[in-house]
Amino acid sequence: MPNTVAGNAAEIQRLTDAVEDLQDIVRQQQELIDRLQTEGNGHAERASNPLQGLKAPPIPVFTGKSQDCTSVKVKSFIFSVRRMGCLSNTQNDMQLVQLATCHLQERAALWISRIESTPDMPQTLAELQSAMMK
């Protein structure tokens with residue numbers, strides 16, 4: 001019987017030591033999480049929004065010159081606006097149209113200024129894309 005009690009006592013001690021080791025690991029991980037959140041280095045924020053902090057390349061300027069008015073260039077411009085909208089958390093259609101119109105210059109800027117306060121003003125990026133390709 002003494003061997004069994006001694007064996008159980010050794011096993012209990014081994015398990016107790018293992019639990020204490022695990023508690024130390026959990027404590028260290030919690031300290032690391034707390035430190036990351038208080039240092040403001042953005043890791044905690046990125047975990048909740050993986051796109052936060054990413055930077056898209058700048059939206060190209062669209063001039064409306066004849067060489068810019070190809071369907072490929074218009075679609076590429078609209079794609080860049082959508083990507084920037086996604087990364088800046090802009091999902092509202094009218095805000096995306098306004099973002100796009102901020103990058104119009106020369107003939108394209110003149111065109112949009114003429115239709116801005118009319119019923120012809122595009123309300124979505126799809127409408128803007130269609131109007132730009134006319």
# chains A, B, ... in the order shown; residues from 1 in each chain; ligands from 1
>>> select_by_dssp(residues="chain A", states="alpha helix (DSSP H)", output="MDAnalysis selection string")
chainID A and resid 2:39 43:48 71:87 93:101 106:115 125:132
>>> closest_residue(among="A:Thr70, A:Ser88, A:Asn8, A:Gln13", to="Gln129 (chain A)", atoms="only C-alpha atoms")
A:Thr70
>>> residues_around(residues="Met133 (chain A)", least_positions_apart="2", cutoff="12 Å", atoms="only C-alpha atoms", output="PyMOL selection string")
chain A and resi 64-75+77-78+108+126-131
>>> write_last_selection(atoms="N, CA and C atoms", output="short mmCIF file (atom, residue, chain, number, x, y, z; two decimals), in the first residue's frame")
data_model
loop_
_atom_site.label_atom_id
_atom_site.label_comp_id
_atom_site.auth_asym_id
_atom_site.auth_seq_id
_atom_site.Cartn_x
_atom_site.Cartn_y
_atom_site.Cartn_z
N GLY A 64 -10.94 62.83 -69.01
CA GLY A 64 -12.01 62.87 -70.01
C GLY A 64 -11.50 63.12 -71.42
N LYS A 65 -10.19 63.16 -71.59
CA LYS A 65 -9.64 63.30 -72.94
C LYS A 65 -9.98 62.04 -73.73
N SER A 66 -9.95 62.16 -75.03
CA SER A 66 -10.38 61.03 -75.87
C SER A 66 -9.59 59.75 -75.58
N GLN A 67 -8.31 59.86 -75.27
CA GLN A 67 -7.54 58.65 -74.98
C GLN A 67 -7.91 58.04 -73.61
N ASP A 68 -8.56 58.83 -72.73
CA ASP A 68 -9.00 58.32 -71.43
C ASP A 68 -10.37 57.66 -71.50
N CYS A 69 -11.10 57.91 -72.54
CA CYS A 69 -12.50 57.48 -72.58
C CYS A 69 -12.70 56.07 -73.14
N THR A 70 -11.71 55.23 -73.02
CA THR A 70 -11.89 53.83 -73.42
C THR A 70 -12.57 53.09 -72.28
N SER A 71 -13.26 52.02 -72.60
CA SER A 71 -13.96 51.28 -71.55
C SER A 71 -12.98 50.71 -70.52
N VAL A 72 -11.81 50.31 -70.99
CA VAL A 72 -10.81 49.76 -70.06
C VAL A 72 -10.36 50.83 -69.06
N LYS A 73 -10.10 52.03 -69.52
CA LYS A 73 -9.63 53.08 -68.62
C LYS A 73 -10.73 53.54 -67.67
N VAL A 74 -11.96 53.62 -68.17
CA VAL A 74 -13.07 54.02 -67.31
C VAL A 74 -13.30 52.95 -66.24
N LYS A 75 -13.34 51.68 -66.66
CA LYS A 75 -13.55 50.59 -65.69
C LYS A 75 -12.42 50.52 -64.68
N PHE A 77 -10.61 53.07 -63.65
CA PHE A 77 -10.82 54.22 -62.75
C PHE A 77 -11.88 53.89 -61.71
N ILE A 78 -13.02 53.34 -62.14
CA ILE A 78 -14.11 53.00 -61.22
C ILE A 78 -13.65 51.91 -60.24
N ALA A 108 -13.44 66.14 -67.97
CA ALA A 108 -14.31 65.34 -67.11
C ALA A 108 -14.86 66.18 -65.95
N ALA A 126 -21.98 52.58 -60.74
CA ALA A 126 -22.37 51.94 -62.00
C ALA A 126 -22.97 52.98 -62.96
N GLU A 127 -23.80 53.88 -62.44
CA GLU A 127 -24.35 54.95 -63.28
C GLU A 127 -23.26 55.88 -63.76
N LEU A 128 -22.31 56.21 -62.88
CA LEU A 128 -21.20 57.08 -63.27
C LEU A 128 -20.37 56.43 -64.35
N GLN A 129 -20.07 55.15 -64.20
CA GLN A 129 -19.30 54.43 -65.20
C GLN A 129 -20.01 54.44 -66.55
N SER A 130 -21.29 54.19 -66.53
CA SER A 130 -22.08 54.18 -67.77
C SER A 130 -22.06 55.56 -68.42
N ALA A 131 -22.25 56.61 -67.61
CA ALA A 131 -22.25 57.97 -68.15
C ALA A 131 -20.89 58.37 -68.69
#
>>> closest_residue(among="A:Met121, A:Met94, A:Met132, A:Met84", to="Arg107 (chain A)", atoms="only C-alpha atoms")
A:Met132
>>> residues_around(residues="Ser80 (chain A)", least_positions_apart="3", cutoff="12 Å", atoms="only C-alpha atoms", output="ChimeraX atom specification")
/A:56-62,73-77,83-87,96,99-100,103,125
>>> atom_distance(atom1="CA of Trp111 (chain A)", atom2="CA of Lys134 (chain A)")
11.9 Å
>>> atom_distance(atom1="CA of Gln98 (chain A)", atom2="CA of Ile112 (chain A)")
10.5 Å
>>> atom_distance(atom1="CA of Gln28 (chain A)", atom2="CA of Ile12 (chain A)")
24.4 Å
>>> closest_residue(among="A:Leu32, A:Cys102, A:Val97, A:Ala109", to="Gln123 (chain A)", atoms="only C-alpha atoms")
A:Val97
